[in-house]
Structure formats: structure tokens, C-alpha cells
>>> print(open('work-v1.pdb').read())   # PDB, C-alpha atoms
ATOM      1  CA  MET A   1       0.000   0.000   0.000  1.00  0.00           C
ATOM      2  CA  LYS A   2       1.316   3.411  -0.918  1.00  0.00           C
ATOM      3  CA  THR A   3       1.819   5.951   1.822  1.00  0.00           C
ATOM      4  CA  PHE A   4       0.365   9.459   1.628  1.00  0.00           C
ATOM      5  CA  MET A   5       3.848  10.824   0.822  1.00  0.00           C
ATOM      6  CA  GLU A   6       4.287   8.379  -2.056  1.00  0.00           C
ATOM      7  CA  LYS A   7       0.868   9.256  -3.432  1.00  0.00           C
ATOM      8  CA  GLN A   8       1.695  12.951  -3.162  1.00  0.00           C
ATOM      9  CA  GLU A   9       5.010  12.353  -4.930  1.00  0.00           C
ATOM     10  CA  ASN A  10       3.159  10.644  -7.782  1.00  0.00           C
ATOM     11  CA  VAL A  11       0.655  13.470  -8.036  1.00  0.00           C
ATOM     12  CA  ASP A  12       3.463  16.078  -8.193  1.00  0.00           C
ATOM     13  CA  GLN A  13       5.301  14.050 -10.843  1.00  0.00           C
ATOM     14  CA  ASP A  14       2.124  13.491 -12.842  1.00  0.00           C
ATOM     15  CA  ALA A  15       1.274  17.215 -12.766  1.00  0.00           C
ATOM     16  CA  TRP A  16       4.756  18.127 -13.889  1.00  0.00           C
ATOM     17  CA  ILE A  17       4.684  15.582 -16.724  1.00  0.00           C
ATOM     18  CA  GLU A  18       1.224  16.729 -17.745  1.00  0.00           C
ATOM     19  CA  ASP A  19       2.546  20.272 -18.046  1.00  0.00           C
ATOM     20  CA  LEU A  20       5.609  19.091 -19.950  1.00  0.00           C
ATOM     21  CA  LEU A  21       3.559  17.026 -22.350  1.00  0.00           C
ATOM     22  CA  LYS A  22       1.586  20.019 -23.494  1.00  0.00           C
ATOM     23  CA  ASP A  23       4.442  20.227 -25.950  1.00  0.00           C
ATOM     24  CA  LYS A  24       5.184  16.519 -26.086  1.00  0.00           C
ATOM     25  CA  GLU A  25       6.646  16.325 -29.589  1.00  0.00           C
ATOM     26  CA  LYS A  26       9.058  19.148 -28.883  1.00  0.00           C
ATOM     27  CA  PHE A  27      10.099  17.564 -25.590  1.00  0.00           C
ATOM     28  CA  ILE A  28      10.734  14.159 -27.188  1.00  0.00           C
ATOM     29  CA  GLU A  29      12.596  15.697 -30.116  1.00  0.00           C
ATOM     30  CA  GLY A  30      14.740  17.780 -27.750  1.00  0.00           C
ATOM     31  CA  ILE A  31      15.661  14.816 -25.562  1.00  0.00           C
ATOM     32  CA  LYS A  32      16.391  12.503 -28.512  1.00  0.00           C
ATOM     33  CA  ASN A  33      18.556  15.119 -30.211  1.00  0.00           C
ATOM     34  CA  SER A  34      20.432  16.149 -27.076  1.00  0.00           C
ATOM     35  CA  PRO A  35      24.174  16.530 -27.726  1.00  0.00           C
ATOM     36  CA  ALA A  36      24.843  14.098 -24.839  1.00  0.00           C
ATOM     37  CA  VAL A  37      22.596  11.434 -26.408  1.00  0.00           C
ATOM     38  CA  ILE A  38      24.110  11.822 -29.882  1.00  0.00           C
ATOM     39  CA  LYS A  39      27.629  11.628 -28.411  1.00  0.00           C
ATOM     40  CA  LYS A  40      26.754   8.558 -26.312  1.00  0.00           C
ATOM     41  CA  ASN A  41      25.224   6.718 -29.275  1.00  0.00           C
ATOM     42  CA  ARG A  42      28.199   7.521 -31.490  1.00  0.00           C
ATOM     43  CA  GLU A  43      30.633   6.302 -28.818  1.00  0.00           C
ATOM     44  CA  ALA A  44      28.620   3.102 -28.316  1.00  0.00           C
ATOM     45  CA  ILE A  45      28.686   2.275 -32.042  1.00  0.00           C
ATOM     46  CA  GLU A  46      32.401   3.068 -32.269  1.00  0.00           C
ATOM     47  CA  GLN A  47      33.250   0.904 -29.286  1.00  0.00           C
ATOM     48  CA  LEU A  48      30.949  -2.025 -30.014  1.00  0.00           C
ATOM     49  CA  SER A  49      31.751  -2.226 -33.727  1.00  0.00           C
ATOM     50  CA  LYS A  50      35.409  -2.839 -32.871  1.00  0.00           C
ATOM     51  CA  LEU A  51      34.633  -5.938 -30.828  1.00  0.00           C
ATOM     52  CA  LYS A  52      35.032  -9.239 -32.602  1.00  0.00           C
ATOM     53  CA  PRO A  53      33.236 -12.569 -32.168  1.00  0.00           C
ATOM     54  CA  PRO A  54      32.924 -14.977 -30.437  1.00  0.00           C
ATOM     55  CA  PHE A  55      30.418 -13.127 -28.287  1.00  0.00           C
ATOM     56  CA  PRO A  56      29.754 -14.574 -24.851  1.00  0.00           C
ATOM     57  CA  TRP A  57      25.980 -14.289 -25.114  1.00  0.00           C
ATOM     58  CA  ILE A  58      25.853 -16.708 -28.048  1.00  0.00           C
ATOM     59  CA  ASP A  59      27.243 -19.378 -25.739  1.00  0.00           C
ATOM     60  CA  ASP A  60      25.074 -18.188 -22.829  1.00  0.00           C
ATOM     61  CA  CYS A  61      21.938 -18.171 -24.970  1.00  0.00           C
ATOM     62  CA  SER A  62      22.587 -21.620 -26.407  1.00  0.00           C
ATOM     63  CA  LYS A  63      23.045 -22.956 -22.853  1.00  0.00           C
ATOM     64  CA  GLN A  64      19.819 -21.232 -21.889  1.00  0.00           C
ATOM     65  CA  ASN A  65      18.023 -22.860 -24.823  1.00  0.00           C
ATOM     66  CA  VAL A  66      19.342 -26.322 -23.961  1.00  0.00           C
ATOM     67  CA  SER A  67      18.401 -26.145 -20.267  1.00  0.00           C
TER      68      SER A  67
ATOM     69  CA  MET B   1      12.679  -4.276  -8.054  1.00  0.00           C
ATOM     70  CA  ASN B   2      11.619  -4.564  -4.473  1.00  0.00           C
ATOM     71  CA  LYS B   3      13.908  -1.710  -3.424  1.00  0.00           C
ATOM     72  CA  ASP B   4      12.739   1.814  -2.785  1.00  0.00           C
ATOM     73  CA  ILE B   5      12.342   3.458  -6.187  1.00  0.00           C
ATOM     74  CA  TYR B   6      10.761   6.605  -7.616  1.00  0.00           C
ATOM     75  CA  HIS B   7       7.482   6.491  -9.475  1.00  0.00           C
ATOM     76  CA  PHE B   8       8.354   6.639 -13.197  1.00  0.00           C
ATOM     77  CA  GLN B   9       6.396   7.244 -16.364  1.00  0.00           C
ATOM     78  CA  SER B  10       6.850   6.022 -19.906  1.00  0.00           C
ATOM     79  CA  ILE B  11       6.427   8.886 -22.353  1.00  0.00           C
ATOM     80  CA  GLU B  12       6.804   7.403 -25.799  1.00  0.00           C
ATOM     81  CA  ASP B  13       6.601   3.835 -27.010  1.00  0.00           C
ATOM     82  CA  SER B  14       8.339   2.686 -23.821  1.00  0.00           C
ATOM     83  CA  SER B  15      11.652   4.166 -24.940  1.00  0.00           C
ATOM     84  CA  LEU B  16      11.597   7.404 -22.945  1.00  0.00           C
ATOM     85  CA  TYR B  17      10.933   7.505 -19.209  1.00  0.00           C
ATOM     86  CA  THR B  18      10.897  10.282 -16.640  1.00  0.00           C
ATOM     87  CA  PHE B  19      10.944  10.451 -12.867  1.00  0.00           C
ATOM     88  CA  THR B  20      11.642  13.063 -10.224  1.00  0.00           C
ATOM     89  CA  SER B  21      14.438  12.779  -7.694  1.00  0.00           C
ATOM     90  CA  GLU B  22      13.680  14.382  -4.352  1.00  0.00           C
ATOM     91  CA  GLY B  23      16.536  15.164  -2.015  1.00  0.00           C
ATOM     92  CA  ILE B  24      18.614  17.791  -0.294  1.00  0.00           C
ATOM     93  CA  HIS B  25      18.609  20.037  -3.391  1.00  0.00           C
ATOM     94  CA  GLY B  26      14.870  19.679  -3.949  1.00  0.00           C
ATOM     95  CA  LYS B  27      13.152  18.127  -6.950  1.00  0.00           C
ATOM     96  CA  ILE B  28      15.312  17.192  -9.943  1.00  0.00           C
ATOM     97  CA  HIS B  29      13.583  15.856 -13.039  1.00  0.00           C
ATOM     98  CA  LYS B  30      15.354  12.907 -14.632  1.00  0.00           C
ATOM     99  CA  VAL B  31      15.022  11.206 -17.984  1.00  0.00           C
ATOM    100  CA  VAL B  32      16.043   7.789 -19.282  1.00  0.00           C
ATOM    101  CA  LEU B  33      16.150   7.293 -23.041  1.00  0.00           C
ATOM    102  CA  MET B  34      16.685   4.034 -24.942  1.00  0.00           C
ATOM    103  CA  SER B  35      17.987   4.815 -28.462  1.00  0.00           C
ATOM    104  CA  PRO B  36      18.099   2.095 -31.125  1.00  0.00           C
ATOM    105  CA  LEU B  37      21.581   1.674 -32.576  1.00  0.00           C
ATOM    106  CA  ILE B  38      20.893   0.786 -36.162  1.00  0.00           C
ATOM    107  CA  ASP B  39      23.852  -0.361 -38.163  1.00  0.00           C
ATOM    108  CA  GLU B  40      25.923  -3.482 -38.650  1.00  0.00           C
ATOM    109  CA  LEU B  41      25.891  -4.065 -34.877  1.00  0.00           C
ATOM    110  CA  ASN B  42      22.341  -5.294 -35.020  1.00  0.00           C
ATOM    111  CA  ALA B  43      23.479  -8.451 -36.770  1.00  0.00           C
ATOM    112  CA  HIS B  44      24.858  -9.549 -33.407  1.00  0.00           C
ATOM    113  CA  PHE B  45      22.421  -7.943 -30.986  1.00  0.00           C
ATOM    114  CA  ASP B  46      19.108  -7.890 -32.795  1.00  0.00           C
ATOM    115  CA  PRO B  47      18.214  -5.243 -31.710  1.00  0.00           C
ATOM    116  CA  LEU B  48      20.515  -3.121 -29.567  1.00  0.00           C
ATOM    117  CA  PHE B  49      19.490  -0.036 -27.599  1.00  0.00           C
ATOM    118  CA  ASN B  50      21.779   2.465 -25.927  1.00  0.00           C
ATOM    119  CA  LEU B  51      20.612   3.718 -22.539  1.00  0.00           C
ATOM    120  CA  ALA B  52      21.169   7.398 -21.769  1.00  0.00           C
ATOM    121  CA  PHE B  53      20.310   8.815 -18.366  1.00  0.00           C
ATOM    122  CA  GLY B  54      20.507  12.356 -17.031  1.00  0.00           C
ATOM    123  CA  ASP B  55      18.763  15.493 -15.842  1.00  0.00           C
ATOM    124  CA  ILE B  56      16.105  17.232 -17.922  1.00  0.00           C
ATOM    125  CA  VAL B  57      17.444  20.705 -18.652  1.00  0.00           C
ATOM    126  CA  ARG B  58      15.383  23.491 -20.160  1.00  0.00           C
ATOM    127  CA  LEU B  59      17.251  25.367 -22.903  1.00  0.00           C
ATOM    128  CA  LYS B  60      15.451  28.379 -24.321  1.00  0.00           C
ATOM    129  CA  ASP B  61      12.270  26.859 -25.726  1.00  0.00           C
ATOM    130  CA  SER B  62      13.408  23.240 -25.734  1.00  0.00           C
ATOM    131  CA  TRP B  63      14.668  20.503 -23.407  1.00  0.00           C
ATOM    132  CA  VAL B  64      17.821  18.403 -23.411  1.00  0.00           C
ATOM    133  CA  LEU B  65      19.163  15.413 -21.538  1.00  0.00           C
ATOM    134  CA  ASP B  66      22.315  16.391 -19.662  1.00  0.00           C
ATOM    135  CA  ASP B  67      24.293  13.466 -18.249  1.00  0.00           C
ATOM    136  CA  SER B  68      27.218  15.573 -17.043  1.00  0.00           C
ATOM    137  CA  ILE B  69      25.488  17.140 -14.030  1.00  0.00           C
ATOM    138  CA  ARG B  70      26.534  15.906 -10.593  1.00  0.00           C
ATOM    139  CA  THR B  71      23.281  16.527  -8.758  1.00  0.00           C
ATOM    140  CA  GLY B  72      24.386  15.344  -5.313  1.00  0.00           C
ATOM    141  CA  ASN B  73      20.765  15.118  -4.192  1.00  0.00           C
ATOM    142  CA  GLY B  74      21.590  12.531  -1.536  1.00  0.00           C
ATOM    143  CA  ASP B  75      19.415   9.806  -3.079  1.00  0.00           C
ATOM    144  CA  MET B  76      21.795   8.038  -5.443  1.00  0.00           C
ATOM    145  CA  PRO B  77      20.841   4.453  -4.418  1.00  0.00           C
ATOM    146  CA  LYS B  78      17.161   5.237  -5.033  1.00  0.00           C
ATOM    147  CA  VAL B  79      17.949   6.916  -8.379  1.00  0.00           C
ATOM    148  CA  ILE B  80      20.070   3.968  -9.544  1.00  0.00           C
ATOM    149  CA  ALA B  81      17.410   1.497  -8.378  1.00  0.00           C
ATOM    150  CA  THR B  82      14.838   3.482 -10.383  1.00  0.00           C
ATOM    151  CA  VAL B  83      16.984   3.409 -13.545  1.00  0.00           C
ATOM    152  CA  ALA B  84      17.425  -0.363 -13.060  1.00  0.00           C
ATOM    153  CA  ALA B  85      13.646  -0.767 -12.677  1.00  0.00           C
ATOM    154  CA  ILE B  86      13.145   1.245 -15.873  1.00  0.00           C
ATOM    155  CA  ALA B  87      15.659  -0.964 -17.716  1.00  0.00           C
ATOM    156  CA  ILE B  88      13.729  -4.042 -16.562  1.00  0.00           C
ATOM    157  CA  ALA B  89      10.411  -2.484 -17.611  1.00  0.00           C
ATOM    158  CA  PHE B  90      11.874  -1.679 -21.034  1.00  0.00           C
ATOM    159  CA  LEU B  91      13.232  -5.202 -21.517  1.00  0.00           C
ATOM    160  CA  GLU B  92       9.903  -6.682 -20.488  1.00  0.00           C
ATOM    161  CA  LYS B  93       8.265  -4.645 -23.265  1.00  0.00           C
ATOM    162  CA  HIS B  94      11.090  -5.444 -25.705  1.00  0.00           C
ATOM    163  CA  PRO B  95      12.083  -8.979 -24.661  1.00  0.00           C
ATOM    164  CA  HIS B  96      14.490  -9.626 -27.551  1.00  0.00           C
ATOM    165  CA  SER B  97      16.448  -6.405 -27.132  1.00  0.00           C
ATOM    166  CA  THR B  98      19.841  -5.847 -25.599  1.00  0.00           C
ATOM    167  CA  LEU B  99      20.634  -2.721 -23.615  1.00  0.00           C
ATOM    168  CA  SER B 100      24.056  -1.109 -23.634  1.00  0.00           C
ATOM    169  CA  PHE B 101      25.145   1.566 -21.202  1.00  0.00           C
ATOM    170  CA  GLN B 102      28.196   3.506 -20.142  1.00  0.00           C
ATOM    171  CA  GLY B 103      28.403   6.246 -17.547  1.00  0.00           C
ATOM    172  CA  TYR B 104      29.383   9.818 -18.389  1.00  0.00           C
ATOM    173  CA  MET B 105      33.159  10.183 -18.408  1.00  0.00           C
ATOM    174  CA  ASP B 106      33.920  13.380 -16.506  1.00  0.00           C
ATOM    175  CA  PRO B 107      37.350  15.077 -16.724  1.00  0.00           C
ATOM    176  CA  LYS B 108      38.434  13.558 -13.401  1.00  0.00           C
ATOM    177  CA  SER B 109      37.488  10.072 -14.586  1.00  0.00           C
ATOM    178  CA  ALA B 110      39.328  10.639 -17.866  1.00  0.00           C
ATOM    179  CA  PHE B 111      42.402  11.811 -15.952  1.00  0.00           C
ATOM    180  CA  LEU B 112      42.320   8.809 -13.619  1.00  0.00           C
ATOM    181  CA  GLY B 113      41.442   6.380 -16.437  1.00  0.00           C
ATOM    182  CA  LYS B 114      38.449   5.156 -14.402  1.00  0.00           C
ATOM    183  CA  ASN B 115      34.835   5.836 -15.258  1.00  0.00           C
ATOM    184  CA  GLN B 116      33.467   6.902 -11.853  1.00  0.00           C
ATOM    185  CA  ARG B 117      29.854   6.782 -13.056  1.00  0.00           C
ATOM    186  CA  ASN B 118      30.310   3.207 -14.291  1.00  0.00           C
ATOM    187  CA  ILE B 119      31.713   2.293 -10.885  1.00  0.00           C
ATOM    188  CA  LEU B 120      28.636   3.835  -9.289  1.00  0.00           C
ATOM    189  CA  TYR B 121      26.257   2.018 -11.647  1.00  0.00           C
ATOM    190  CA  GLN B 122      28.099  -1.243 -11.093  1.00  0.00           C
ATOM    191  CA  ARG B 123      27.801  -0.757  -7.350  1.00  0.00           C
ATOM    192  CA  GLY B 124      24.047  -0.487  -7.919  1.00  0.00           C
ATOM    193  CA  ILE B 125      24.024  -3.666 -10.031  1.00  0.00           C
ATOM    194  CA  ASN B 126      26.183  -5.561  -7.555  1.00  0.00           C
ATOM    195  CA  SER B 127      24.119  -4.586  -4.516  1.00  0.00           C
ATOM    196  CA  ASN B 128      20.934  -5.764  -6.294  1.00  0.00           C
ATOM    197  CA  TRP B 129      22.589  -8.748  -7.948  1.00  0.00           C
ATOM    198  CA  GLU B 130      20.289 -11.479  -6.627  1.00  0.00           C
ATOM    199  CA  GLU B 131      17.201  -9.796  -8.014  1.00  0.00           C
ATOM    200  CA  LEU B 132      18.715  -8.433 -11.226  1.00  0.00           C
ATOM    201  CA  SER B 133      20.559 -11.596 -12.230  1.00  0.00           C
ATOM    202  CA  ALA B 134      17.360 -13.609 -11.769  1.00  0.00           C
ATOM    203  CA  LYS B 135      15.788 -11.548 -14.567  1.00  0.00           C
ATOM    204  CA  LEU B 136      18.685 -10.353 -16.709  1.00  0.00           C
ATOM    205  CA  ARG B 137      21.923 -11.558 -18.270  1.00  0.00           C
ATOM    206  CA  PHE B 138      24.831  -9.125 -17.995  1.00  0.00           C
ATOM    207  CA  TRP B 139      28.054  -8.720 -19.929  1.00  0.00           C
ATOM    208  CA  GLY B 140      30.893  -6.281 -19.603  1.00  0.00           C
ATOM    209  CA  VAL B 141      33.286  -4.751 -22.104  1.00  0.00           C
ATOM    210  CA  LYS B 142      36.823  -4.502 -20.827  1.00  0.00           C
ATOM    211  CA  ALA B 143      40.066  -3.863 -22.725  1.00  0.00           C
ATOM    212  CA  GLY B 144      38.249  -4.216 -26.044  1.00  0.00           C
ATOM    213  CA  LYS B 145      36.660  -7.577 -25.221  1.00  0.00           C
ATOM    214  CA  PHE B 146      33.308  -8.840 -24.028  1.00  0.00           C
ATOM    215  CA  GLU B 147      33.034 -11.052 -20.998  1.00  0.00           C
ATOM    216  CA  SER B 148      30.286 -12.360 -18.768  1.00  0.00           C
ATOM    217  CA  TYR B 149      29.665  -9.869 -15.981  1.00  0.00           C
ATOM    218  CA  THR B 150      31.553 -10.634 -12.798  1.00  0.00           C
ATOM    219  CA  ARG B 151      30.953  -8.731  -9.603  1.00  0.00           C
ATOM    220  CA  GLY B 152      34.182  -7.084  -8.524  1.00  0.00           C
ATOM    221  CA  SER B 153      35.352  -6.374 -12.083  1.00  0.00           C
ATOM    222  CA  THR B 154      35.158  -2.884 -13.534  1.00  0.00           C
ATOM    223  CA  TYR B 155      33.920  -2.479 -17.085  1.00  0.00           C
ATOM    224  CA  ASP B 156      34.051   0.219 -19.756  1.00  0.00           C
ATOM    225  CA  ARG B 157      30.531  -0.674 -20.897  1.00  0.00           C
ATOM    226  CA  ILE B 158      27.813  -2.954 -19.642  1.00  0.00           C
ATOM    227  CA  LEU B 159      25.235  -4.865 -21.659  1.00  0.00           C
ATOM    228  CA  ALA B 160      22.116  -6.591 -20.423  1.00  0.00           C
ATOM    229  CA  ASN B 161      19.223  -8.517 -21.860  1.00  0.00           C
ATOM    230  CA  ARG B 162      16.317 -10.522 -20.547  1.00  0.00           C
ATOM    231  CA  LYS B 163      16.768 -14.158 -19.568  1.00  0.00           C
TER     232      LYS B 163
END
>>> encode(input="work-v1.pdb", output="C-alpha cells")
Amino acid sequence: MKTFMEKQENVDQDAWIEDLLKDKEKFIEGIKNSPAVIKKNREAIEQLSKLKPPFPWIDDCSKQNVS
Amino acid sequence: MNKDIYHFQSIEDSSLYTFTSEGIHGKIHKVVLMSPLIDELNAHFDPLFNLAFGDIVRLKDSWVLDDSIRTGNGDMPKVIATVAAIAIAFLEKHPHSTLSFQGYMDPKSAFLGKNQRNILYQRGINSNWEELSAKLRFWGVKAGKFESYTRGSTYDRILANRK
């Protein structure tokens, strides 16, 4: 059961989000095109594309499938 | 997650989530974004999403995610537990996806050659290991190689998907 404080916290958050989402498309576009996000995605691709197989999850997944 | 977490909301197609941290500096609005990484990588991950997490910052008439801010709101365990709960919620909605994440590398971390944010995130993973490892598989990237996640090791990047 949620306490009064937790319920209040949810109400505050919901009100804030409601206000934010008056301009939802702009908010989403701004977050997705944030310089930090673009930089992080570029770094992830650069780092991960350099890694070579065998990948450990292929082995892990095949074990998972067998068990 | 059974731990104390913040109430969070999914904004768009379960790839963008927000919550509000409440601590010694007041209310700080946070955002978690899962971005699809579409290129040759998907042949191995099918599909792969990069997790970005930070404060919502208002800039003129728009908003941005800023992952460089050290909020110091005194609620880091609760914030990390919330991000972990969001990652689980995302993977439940996208059961065949893999999540990749790496903490922001601040100048001090770069100087020391240690990603302090990754250490913090890993502390969060390790302290919730029983619960997280029951639901998710983890891998780490270290020295240019993947390996199965081992508590006690420090990684440059962490990947997780649903069991």
C-alpha cells in the first residue's frame, strides 16, 4: 500500500509531466537530439563495432536454450 | 525491483521515461532514453538499444538530456534502483532487445582512467545482484573484449538482456 507521501510524490510528478507534455513532440525531439545522447550513441557504435566474435551471449543463450 | 524506487512514467513507445528525484537540493527531473543503434551491430544484438540517463534541462524553448550534471541530491541508491527498474520495464516490453550503457566520463574520470559513473552504476548492479541476475543476463566490455559480468570487475561498458 502506498503511503500518503508516495501518493503525493506521484501526483506532483504526474502534474509536472502533464505540463511538460503540453508540448510533447518538442520535448521528445529535444531529448532525442540532445548533444549528450548523440555523443553517447556515437561512442557506443564506435566501441561495439570494434569488438570481434565470439560473443559470450551466443554461448550463454545456447546454454539457456538447452536447459 | 523490491527496493525503494521513484514512481516513473513512460512517455513514448516505452523508450523514454521520466521520474523526479527528491533530495537535499529539492526536486530534480530525470530522464532515461533508450535509443536504437541501427547499423551493422544489429546483426549480433538484434536489436541493440543504448541507454542514456541524465537530468532534464530546459534550454530556451526546448529541453535536453544532460548526463554531465553531478546533482548530489543525496538519493543516489534510489535513483540507480529506479533506472534499473526502468531498464527491466523496457526489456519486459522489448524482450528480444539488448541494452548497452556507459556512464558519463567526466574530466576527473578521464584523468584517472576510471569511469566513476560506471563504478557507481556497477555498485548499484552488484548490490541488487540477486534480483537483477534472476531476470537479466549481464556482460561487460573490458580492454576491447566482451566477458560475462563478474561482480568485482570494472567495465568500460555494460550490456544486459532478458533471460
>>> interface_residues(input="work-v1.pdb", of="chain B", to="chain A", cutoff="6 Å", atoms="all atoms listed in the file", output="list in words")
Ser62, Trp63, Val64 and Leu65 of chain B
>>> write_last_selection(input="work-v1.pdb", atoms="C-alpha atoms", output="PDB file, in the coordinates of the input")
ATOM      1  CA  SER B  62      13.408  23.240 -25.734  1.00  0.00           C
ATOM      2  CA  TRP B  63      14.668  20.503 -23.407  1.00  0.00           C
ATOM      3  CA  VAL B  64      17.821  18.403 -23.411  1.00  0.00           C
ATOM      4  CA  LEU B  65      19.163  15.413 -21.538  1.00  0.00           C
TER       5      LEU B  65
END
>>> atom_distance(input="work-v1.pdb", atom1="CA of Asp46 (chain B)", atom2="CA of Thr154 (chain B)")
25.6 Å
>>> resolve_selection(input="work-v1.pdb", expression="the PyMOL selection byres ((chain B and resi 139) around 7)", output="number ranges by chain")
B: 137-138, 140-141, 146-149, 158-160
>>> resolve_selection(input="work-v1.pdb", expression="the PyMOL selection byres ((chain B and resi 78-80) around 7)", output="list in words")
Asp4, Ile5, Ser21, Asp75, Met76, Pro77, Ala81, Thr82, Val83, Ala84, Tyr121 and Gly124 of chain B
>>> residues_near_point(input="work-v1.pdb", point="(18.1, 16.8, -18.8)", cutoff="7 Å", atoms="all atoms listed in the file", output="number ranges by chain")
B: 30-31, 54-57, 63-66
>>> axis_aligned_box(input="work-v1.pdb", around="region 148-163 of chain B", padding_each_side="6 Å", output="JSON")
{"center_x": 25.8, "center_y": -7.0, "center_z": -15.2, "size_x": 31.0, "size_y": 26.4, "size_z": 25.3}
>>> resolve_selection(input="work-v1.pdb", expression="the PyMOL selection byres ((chain B and resi 133) around 12)", output="list in words")
Met1, Ala84, Ile88, Ile125, Asn126, Ser127, Asn128, Trp129, Glu130, Glu131, Leu132, Ala134, Lys135, Leu136, Arg137, Phe138, Trp139, Ser148, Tyr149, Thr150, Arg151, Ala160, Asn161, Arg162 and Lys163 of chain B
>>> atom_distance(input="work-v1.pdb", atom1="CA of Asp106 (chain B)", atom2="CA of Ile119 (chain B)")
12.6 Å
>>> residues_near_point(input="work-v1.pdb", point="(10.1, 0.2, -17.4)", cutoff="12 Å", atoms="only C-alpha atoms", output="PyMOL selection string")
chain B and resi 1+5-19+32-34+81-95
>>> atom_distance(input="work-v1.pdb", atom1="CA of Arg157 (chain B)", atom2="CA of Arg58 (chain B)")
28.5 Å
>>> build_atoms(input="work-v1.pdb", residues="region 7-26 of chain B", atoms="N, CA and C atoms", output="compact mmCIF listing (two decimals), in the frame of the given file")
# COMPACT_ATOMS: atom_id res chain seq x y z
N HIS B 7 8.54 6.73 -8.50
CA HIS B 7 7.48 6.49 -9.48
C HIS B 7 7.99 7.00 -10.83
N PHE B 8 7.88 6.18 -11.88
CA PHE B 8 8.35 6.64 -13.20
C PHE B 8 7.26 6.48 -14.23
N GLN B 9 7.40 7.25 -15.30
CA GLN B 9 6.40 7.24 -16.36
C GLN B 9 7.05 7.01 -17.71
N SER B 10 6.40 6.23 -18.54
CA SER B 10 6.85 6.02 -19.91
C SER B 10 6.18 7.08 -20.78
N ILE B 11 6.98 7.79 -21.55
CA ILE B 11 6.43 8.89 -22.35
C ILE B 11 6.10 8.46 -23.78
N GLU B 12 7.03 7.73 -24.39
CA GLU B 12 6.80 7.40 -25.80
C GLU B 12 7.24 5.99 -26.12
N ASP B 13 6.30 5.17 -26.50
CA ASP B 13 6.60 3.84 -27.01
C ASP B 13 7.58 3.09 -26.10
N SER B 14 7.48 3.35 -24.82
CA SER B 14 8.34 2.69 -23.82
C SER B 14 9.83 2.86 -24.09
N SER B 15 10.22 3.95 -24.74
CA SER B 15 11.65 4.17 -24.94
C SER B 15 12.14 5.41 -24.22
N LEU B 16 11.23 6.19 -23.66
CA LEU B 16 11.60 7.40 -22.94
C LEU B 16 10.82 7.44 -21.62
N TYR B 17 11.54 7.55 -20.54
CA TYR B 17 10.93 7.50 -19.21
C TYR B 17 11.38 8.73 -18.42
N THR B 18 10.51 9.19 -17.53
CA THR B 18 10.90 10.28 -16.64
C THR B 18 10.54 9.93 -15.19
N PHE B 19 11.30 10.51 -14.28
CA PHE B 19 10.94 10.45 -12.87
C PHE B 19 11.56 11.67 -12.18
N THR B 20 11.16 11.89 -10.95
CA THR B 20 11.64 13.06 -10.22
C THR B 20 12.38 12.64 -8.96
N SER B 21 13.62 13.02 -8.89
CA SER B 21 14.44 12.78 -7.69
C SER B 21 14.10 13.85 -6.66
N GLU B 22 13.95 13.41 -5.42
CA GLU B 22 13.68 14.38 -4.35
C GLU B 22 14.72 14.21 -3.25
N GLY B 23 15.48 15.28 -3.01
CA GLY B 23 16.54 15.16 -2.02
C GLY B 23 16.93 16.51 -1.45
N ILE B 24 18.16 16.59 -1.02
CA ILE B 24 18.61 17.79 -0.29
C ILE B 24 18.62 19.05 -1.17
N HIS B 25 18.67 18.88 -2.48
CA HIS B 25 18.61 20.04 -3.39
C HIS B 25 17.22 20.22 -4.01
N GLY B 26 16.24 19.53 -3.45
CA GLY B 26 14.87 19.68 -3.95
C GLY B 26 14.52 18.65 -5.01
